[in-house]
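Here is protein.cif, consisting of mmCIF, C-alpha atoms, pLDDT in the B column; chains and numbers go by the auth columns:
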data_structure
#
loop_
_atom_site.group_PDB
_atom_site.id
_atom_site.type_symbol
_atom_site.label_atom_id
_atom_site.label_comp_id
_atom_site.label_asym_id
_atom_site.label_seq_id
_atom_site.Cartn_x
_atom_site.Cartn_y
_atom_site.Cartn_z
_atom_site.B_iso_or_equiv
_atom_site.auth_seq_id
_atom_site.auth_asym_id
ATOM 1 C CA MET A 1 0.000 0.000 0.000 81.00 1 S
ATOM 2 C CA ALA A 2 1.408 3.381 -1.040 88.00 2 S
ATOM 3 C CA ILE A 3 -0.225 6.705 -0.193 89.00 3 S
ATOM 4 C CA LEU A 4 0.483 10.074 -1.800 90.00 4 S
ATOM 5 C CA LYS A 5 -0.907 12.926 0.304 89.00 5 S
ATOM 6 C CA ASP A 6 -1.466 16.531 -0.646 87.00 6 S
ATOM 7 C CA TYR A 7 1.351 18.766 0.620 85.00 7 S
ATOM 8 C CA SER A 8 -0.227 21.540 2.600 74.00 8 S
ATOM 9 C CA SER A 9 0.253 23.503 5.795 58.00 9 S
ATOM 10 C CA VAL A 10 -3.444 23.013 6.490 64.00 10 S
ATOM 11 C CA PRO A 11 -4.095 19.356 7.262 65.00 11 S
ATOM 12 C CA ASN A 12 -6.569 18.032 4.735 68.00 12 S
ATOM 13 C CA LYS A 13 -7.419 14.497 3.808 78.00 13 S
ATOM 14 C CA CYS A 14 -6.708 14.607 0.065 88.00 14 S
ATOM 15 C CA GLU A 15 -4.740 11.529 -0.909 91.00 15 S
ATOM 16 C CA VAL A 16 -4.278 8.846 -3.534 92.00 16 S
ATOM 17 C CA GLU A 17 -3.696 5.286 -2.346 93.00 17 S
ATOM 18 C CA ILE A 18 -2.568 2.413 -4.544 92.00 18 S
ATOM 19 C CA LYS A 19 -2.815 -1.105 -3.172 93.00 19 S
ATOM 20 C CA LEU A 20 -1.416 -3.954 -5.272 90.00 20 S
ATOM 21 C CA THR A 21 -3.683 -6.992 -5.359 90.00 21 S
ATOM 22 C CA LEU A 22 -1.918 -9.182 -7.911 85.00 22 S
ATOM 23 C CA ALA A 23 1.410 -9.163 -9.696 82.00 23 S
ATOM 24 C CA ASN A 24 2.962 -11.816 -11.872 85.00 24 S
ATOM 25 C CA GLU A 25 5.681 -11.800 -14.513 85.00 25 S
ATOM 26 C CA GLU A 26 3.504 -10.073 -17.115 88.00 26 S
ATOM 27 C CA SER A 27 0.790 -8.019 -15.410 88.00 27 S
ATOM 28 C CA VAL A 28 -0.194 -6.003 -12.361 90.00 28 S
ATOM 29 C CA GLU A 29 -3.585 -5.517 -10.785 90.00 29 S
ATOM 30 C CA PHE A 30 -4.149 -2.783 -8.233 90.00 30 S
ATOM 31 C CA LEU A 31 -6.840 -0.892 -6.386 92.00 31 S
ATOM 32 C CA ILE A 32 -6.653 2.888 -6.467 92.00 32 S
ATOM 33 C CA TYR A 33 -8.495 5.099 -3.989 93.00 33 S
ATOM 34 C CA PHE A 34 -9.144 8.848 -4.139 92.00 34 S
ATOM 35 C CA ARG A 35 -9.880 10.393 -0.756 90.00 35 S
ATOM 36 C CA SER A 36 -10.731 14.068 -0.494 87.00 36 S
ATOM 37 C CA GLY A 37 -11.909 14.672 3.040 81.00 37 S
ATOM 38 C CA PRO A 38 -15.324 14.253 4.607 81.00 38 S
ATOM 39 C CA ALA A 39 -17.157 16.363 1.998 80.00 39 S
ATOM 40 C CA PHE A 40 -16.789 13.808 -0.830 86.00 40 S
ATOM 41 C CA PRO A 41 -17.109 10.020 -0.972 88.00 41 S
ATOM 42 C CA VAL A 42 -14.089 7.790 -1.526 90.00 42 S
ATOM 43 C CA VAL A 43 -13.701 6.945 -5.209 90.00 43 S
ATOM 44 C CA HIS A 44 -12.019 3.648 -6.000 88.00 44 S
ATOM 45 C CA MET A 45 -11.365 1.419 -8.973 90.00 45 S
ATOM 46 C CA GLU A 46 -9.555 -1.803 -9.782 90.00 46 S
ATOM 47 C CA ILE A 47 -7.097 -1.495 -12.672 88.00 47 S
ATOM 48 C CA ALA A 48 -5.094 -4.143 -14.521 87.00 48 S
ATOM 49 C CA CYS A 49 -2.156 -3.346 -16.793 87.00 49 S
ATOM 50 C CA LEU A 50 1.088 -4.791 -18.096 89.00 50 S
ATOM 51 C CA LYS A 51 3.870 -4.900 -15.532 88.00 51 S
ATOM 52 C CA ARG A 52 6.354 -3.124 -17.810 89.00 52 S
ATOM 53 C CA ASP A 53 3.829 -0.292 -18.392 90.00 53 S
ATOM 54 C CA PHE A 54 3.263 0.054 -14.653 89.00 54 S
ATOM 55 C CA PHE A 55 7.014 0.322 -14.013 90.00 55 S
ATOM 56 C CA LYS A 56 7.346 2.840 -16.867 91.00 56 S
ATOM 57 C CA LEU A 57 4.547 4.935 -15.325 90.00 57 S
ATOM 58 C CA LEU A 58 6.371 4.905 -11.980 90.00 58 S
ATOM 59 C CA ASP A 59 9.715 5.809 -13.595 91.00 59 S
ATOM 60 C CA ASP A 60 8.097 8.611 -15.625 90.00 60 S
ATOM 61 C CA LEU A 61 6.508 9.963 -12.453 90.00 61 S
ATOM 62 C CA GLN A 62 9.973 10.387 -10.946 90.00 62 S
ATOM 63 C CA GLN A 63 11.228 12.171 -14.095 89.00 63 S
ATOM 64 C CA ILE A 64 8.772 15.086 -14.114 87.00 64 S
ATOM 65 C CA ASP A 65 10.294 18.530 -13.836 82.00 65 S
ATOM 66 C CA SER A 66 9.132 21.968 -12.798 75.00 66 S
ATOM 67 C CA THR A 67 8.956 23.489 -16.301 74.00 67 S
ATOM 68 C CA HIS A 68 7.313 20.964 -18.653 76.00 68 S
ATOM 69 C CA LEU A 69 3.702 19.834 -18.802 79.00 69 S
ATOM 70 C CA SER A 70 3.359 16.032 -18.686 81.00 70 S
ATOM 71 C CA MET A 71 0.735 13.368 -19.299 83.00 71 S
ATOM 72 C CA LEU A 72 1.583 9.945 -17.904 83.00 72 S
ATOM 73 C CA GLU A 73 -0.435 6.843 -18.734 81.00 73 S
ATOM 74 C CA THR A 74 -0.165 3.158 -19.450 80.00 74 S
ATOM 75 C CA HIS A 75 -1.166 1.507 -22.745 77.00 75 S
ATOM 76 C CA ASP A 76 -4.091 -0.167 -20.976 77.00 76 S
ATOM 77 C CA PRO A 77 -6.973 2.107 -19.955 75.00 77 S
ATOM 78 C CA GLY A 78 -7.700 2.928 -16.372 81.00 78 S
ATOM 79 C CA LEU A 79 -5.450 5.675 -15.051 86.00 79 S
ATOM 80 C CA CYS A 80 -3.873 8.837 -16.416 86.00 80 S
ATOM 81 C CA ILE A 81 -1.742 11.317 -14.469 89.00 81 S
ATOM 82 C CA TYR A 82 -1.447 14.905 -15.656 86.00 82 S
ATOM 83 C CA HIS A 83 1.340 17.096 -14.325 86.00 83 S
ATOM 84 C CA ILE A 84 1.077 20.875 -14.330 82.00 84 S
ATOM 85 C CA PRO A 85 4.449 22.502 -13.584 75.00 85 S
ATOM 86 C CA GLN A 86 4.864 25.157 -10.943 69.00 86 S
ATOM 87 C CA PHE A 87 7.325 27.058 -13.109 61.00 87 S
ATOM 88 C CA GLY A 88 7.011 27.505 -16.825 56.00 88 S
ATOM 89 C CA GLU A 89 4.948 29.403 -19.330 56.00 89 S
ATOM 90 C CA TYR A 90 1.731 28.929 -17.381 54.00 90 S
ATOM 91 C CA PHE A 91 -0.211 31.054 -14.935 54.00 91 S
ATOM 92 C CA TYR A 92 1.587 31.727 -11.685 54.00 92 S
ATOM 93 C CA PRO A 93 0.179 34.076 -9.012 61.00 93 S
ATOM 94 C CA GLY A 94 1.894 37.432 -9.100 65.00 94 S
ATOM 95 C CA TYR A 95 3.414 36.794 -12.521 58.00 95 S
ATOM 96 C CA GLY A 96 0.356 36.103 -14.697 57.00 96 S
ATOM 97 C CA ILE A 97 1.249 34.039 -17.738 59.00 97 S
ATOM 98 C CA LEU A 98 4.925 35.005 -17.711 55.00 98 S
ATOM 99 C CA GLN A 99 7.649 32.517 -16.938 59.00 99 S
ATOM 100 C CA ILE A 100 9.453 32.924 -13.606 58.00 100 S
ATOM 101 C CA PRO A 101 13.083 33.956 -14.125 60.00 101 S
ATOM 102 C CA ASP A 102 15.689 31.251 -13.355 59.00 102 S
ATOM 103 C CA SER A 103 17.257 33.418 -10.657 62.00 103 S
ATOM 104 C CA GLU A 104 14.018 33.393 -8.650 60.00 104 S
ATOM 105 C CA ARG A 105 13.291 29.674 -9.062 55.00 105 S
ATOM 106 C CA CYS A 106 16.045 28.686 -6.659 54.00 106 S
ATOM 107 C CA GLU A 107 14.299 30.381 -3.743 54.00 107 S
ATOM 108 C CA TRP A 108 11.667 27.665 -3.356 63.00 108 S
ATOM 109 C CA GLU A 109 11.638 23.936 -3.460 71.00 109 S
ATOM 110 C CA PRO A 110 9.379 23.256 -6.438 76.00 110 S
ATOM 111 C CA SER A 111 6.030 21.632 -5.919 81.00 111 S
ATOM 112 C CA PHE A 112 4.184 19.555 -8.481 86.00 112 S
ATOM 113 C CA LYS A 113 0.479 19.577 -9.212 88.00 113 S
ATOM 114 C CA LEU A 114 -0.616 16.063 -10.167 90.00 114 S
ATOM 115 C CA ILE A 115 -4.099 15.331 -11.468 90.00 115 S
ATOM 116 C CA PHE A 116 -5.009 11.641 -11.229 91.00 116 S
ATOM 117 C CA VAL A 117 -7.846 10.742 -13.624 90.00 117 S
ATOM 118 C CA LEU A 118 -9.691 7.422 -13.677 88.00 118 S
ATOM 119 C CA ASP A 119 -11.130 6.176 -16.950 82.00 119 S
ATOM 120 C CA ALA A 120 -14.925 6.229 -16.512 73.00 120 S
ATOM 121 C CA GLY A 121 -15.504 4.104 -19.605 71.00 121 S
ATOM 122 C CA TYR A 122 -13.198 1.385 -18.296 67.00 122 S
ATOM 123 C CA LYS A 123 -14.952 1.468 -14.928 63.00 123 S
ATOM 124 C CA ASN A 124 -18.392 1.114 -16.533 63.00 124 S
ATOM 125 C CA HIS A 125 -17.286 -1.693 -18.911 67.00 125 S
ATOM 126 C CA LEU A 126 -18.105 0.302 -22.035 65.00 126 S
ATOM 127 C CA HIS A 127 -14.959 1.499 -23.781 67.00 127 S
ATOM 128 C CA ALA A 128 -11.893 3.507 -22.895 66.00 128 S
ATOM 129 C CA THR A 129 -12.451 7.252 -22.547 71.00 129 S
ATOM 130 C CA GLY A 130 -10.199 10.120 -21.634 69.00 130 S
ATOM 131 C CA GLY A 131 -12.215 11.341 -18.682 76.00 131 S
ATOM 132 C CA GLY A 132 -13.702 10.300 -15.413 78.00 132 S
ATOM 133 C CA PRO A 133 -13.354 11.021 -11.699 85.00 133 S
ATOM 134 C CA SER A 134 -10.175 12.898 -10.823 88.00 134 S
ATOM 135 C CA LEU A 135 -8.240 14.205 -7.852 90.00 135 S
ATOM 136 C CA CYS A 136 -5.646 16.968 -7.866 89.00 136 S
ATOM 137 C CA LEU A 137 -2.743 16.903 -5.394 90.00 137 S
ATOM 138 C CA THR A 138 0.095 19.345 -4.886 88.00 138 S
ATOM 139 C CA VAL A 139 3.182 17.403 -3.815 89.00 139 S
ATOM 140 C CA LYS A 140 6.940 17.748 -3.409 89.00 140 S
ATOM 141 C CA MET A 141 9.417 15.559 -5.278 89.00 141 S
ATOM 142 C CA ASN A 142 10.493 13.726 -2.122 90.00 142 S
ATOM 143 C CA GLN A 143 6.859 12.620 -1.646 91.00 143 S
ATOM 144 C CA ILE A 144 6.740 11.313 -5.216 91.00 144 S
ATOM 145 C CA ILE A 145 9.997 9.390 -4.744 92.00 145 S
ATOM 146 C CA GLU A 146 8.754 7.856 -1.483 93.00 146 S
ATOM 147 C CA PHE A 147 5.424 6.917 -3.125 93.00 147 S
ATOM 148 C CA VAL A 148 7.161 5.232 -6.070 92.00 148 S
ATOM 149 C CA ASP A 149 9.656 3.451 -3.797 93.00 149 S
ATOM 150 C CA ASP A 150 6.796 2.101 -1.646 92.00 150 S
ATOM 151 C CA LEU A 151 5.080 0.732 -4.756 90.00 151 S
ATOM 152 C CA LYS A 152 8.278 -0.899 -6.010 89.00 152 S
ATOM 153 C CA ILE A 153 8.895 -2.511 -2.604 88.00 153 S
ATOM 154 C CA GLU A 154 5.326 -3.806 -2.558 87.00 154 S
ATOM 155 C CA MET A 155 5.766 -5.116 -6.108 84.00 155 S
ATOM 156 C CA ASN A 156 8.843 -7.110 -5.041 82.00 156 S
ATOM 157 C CA ARG A 157 6.797 -8.873 -2.342 82.00 157 S
ATOM 158 C CA PHE A 158 4.703 -10.631 -5.005 76.00 158 S
#

This entry written out as structure tokens:
Amino acid sequence: MAILKDYSSVPNKCEVEIKLTLANEESVEFLIYFRSGPAFPVVHMEIACLKRDFFKLLDDLQQIDSTHLSMLETHDPGLCIYHIPQFGEYFYPGYGILQIPDSERCEWEPSFKLIFVLDAGYKNHLHATGGGPSLCLTVKMNQIIEFVDDLKIEMNRF
């Protein structure tokens, strides 16, 4: 079980949990849970994908940077992760749509906004779609690394 929690000074209950249920030489099956505090119900789904795609998704998650927009997904439907950079040619409070100068980027440890999206079509046994329930988390890189490491350790137990 690996949990990625929203990084915030105000304690909230936004988190994504992935719990592996089956892993063999070719494929992985896992349960994913979205929790967003007491105001919303827990959203969960069981997803199956190729093991190599799952490991690629985890490796790609560790490779995101603070300037490039990313979309991470496996070949099999079920889960997509969008990454919106903190720095880059996107909106940033106080700067509008301008890019933050390199000299000012070093002042903060970058945070990463990850949007986890479940495939509603896959969940409803119709066909793969690009949209469904989602949860947005703002995290630090050390949280991402710990999350990925926990999943890899759990994978080795199977």

Residue by residue, what does the PyMOL selection byres ((chain S and resi 132-134) around 7) grab here? Present the result as a PyMOL selection string. chain S and resi 115-120+131+135-136

Expected file: the selected residues, C-alpha atoms, as a JSON list (two decimals), keeping the file's coordinate frame:
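So part38.json came out as:
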[["chain", "number", "residue", "atom", "x", "y", "z"],
["S", 115, "ILE", "CA", -4.10, 15.33, -11.47],
["S", 116, "PHE", "CA", -5.01, 11.64, -11.23],
["S", 117, "VAL", "CA", -7.85, 10.74, -13.62],
["S", 118, "LEU", "CA", -9.69, 7.42, -13.68],
["S", 119, "ASP", "CA", -11.13, 6.18, -16.95],
["S", 120, "ALA", "CA", -14.92, 6.23, -16.51],
["S", 131, "GLY", "CA", -12.22, 11.34, -18.68],
["S", 135, "LEU", "CA", -8.24, 14.20, -7.85],
["S", 136, "CYS", "CA", -5.65, 16.97, -7.87]]

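The nearest approach to S:Pro41 among the residues S:Asp76, S:Phe112, S:His83, S:Lys13, with only C-alpha atoms taken into account, belongs to S:Lys13.
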
Give the padded box for stretch 155-158 of chain S as JSON: axis-aligned, covering all atoms listed in the file, 5 Å on each side, centre and edge lengths in Å to one decimal.
{"center_x": 6.8, "center_y": -7.9, "center_z": -4.2, "size_x": 14.1, "size_y": 15.5, "size_z": 13.8}

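Among the candidates S:Leu137, S:Ser111, S:Ile84, S:Phe54, the residue lying nearest to S:Val16 is S:Leu137 (atoms considered: all atoms listed in the file).
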
Which residue of S:Cys14, S:Leu114, S:Val139, S:Ile145 approaches S:Val42 most closely, using only C-alpha atoms: S:Cys14

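Across the structure, atom CA of S:Ile32 and atom CA of S:Ala48 are spaced 10.8 Å apart.
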
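Residues of protein, DNA or RNA having at least one counted atom within 9 Å of (10.5, 20.3, 3.2), given all atoms listed in the file, are Glu109, Lys140 and Asn142 of chain S.
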
Writer output for current selection, C-alpha atoms, as a PDB file, in the frame of the given file:
ATOM      1  CA  GLU S 109      11.638  23.936  -3.460  1.00 71.00           C
ATOM      2  CA  LYS S 140       6.940  17.748  -3.409  1.00 89.00           C
ATOM      3  CA  ASN S 142      10.493  13.726  -2.122  1.00 90.00           C
TER       4      ASN S 142
END

Resolved residues for the PyMOL selection byres ((chain S and resi 1) around 8) as a PyMOL selection string: chain S and resi 2-3+17-20+150-151+154

If the PyMOL selection byres ((chain S and resi 77) around 8) is run on the structure shown, which residues does it catch, given as a count of residues only? 10

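For the set S:Leu4, S:Met45, S:Leu31, S:Leu58, the residue with the smallest atom-to-atom gap to S:Lys152 is S:Leu58, counting all atoms listed in the file.
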
Between atom CA of S:Asp6 and atom CA of S:Asn156, distance in Å (one decimal): 26.2 Å

To one decimal place in Å, what is the distance between atom CA of S:Glu26 and atom CA of S:Leu50?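 Answer for the atom CA of S:Glu26 to atom CA of S:Leu50 separation: 5.9 Å.
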
Residue among S:Lys56, S:Arg35, S:His44, S:Lys113 lying closest to S:Val148, counting only C-alpha atoms: S:Lys56

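Candidate residues S:Cys80, S:Met141, S:Met71, S:Ile47 were compared for distance to S:Ala23, and the nearest is S:Ile47, using only C-alpha atoms.
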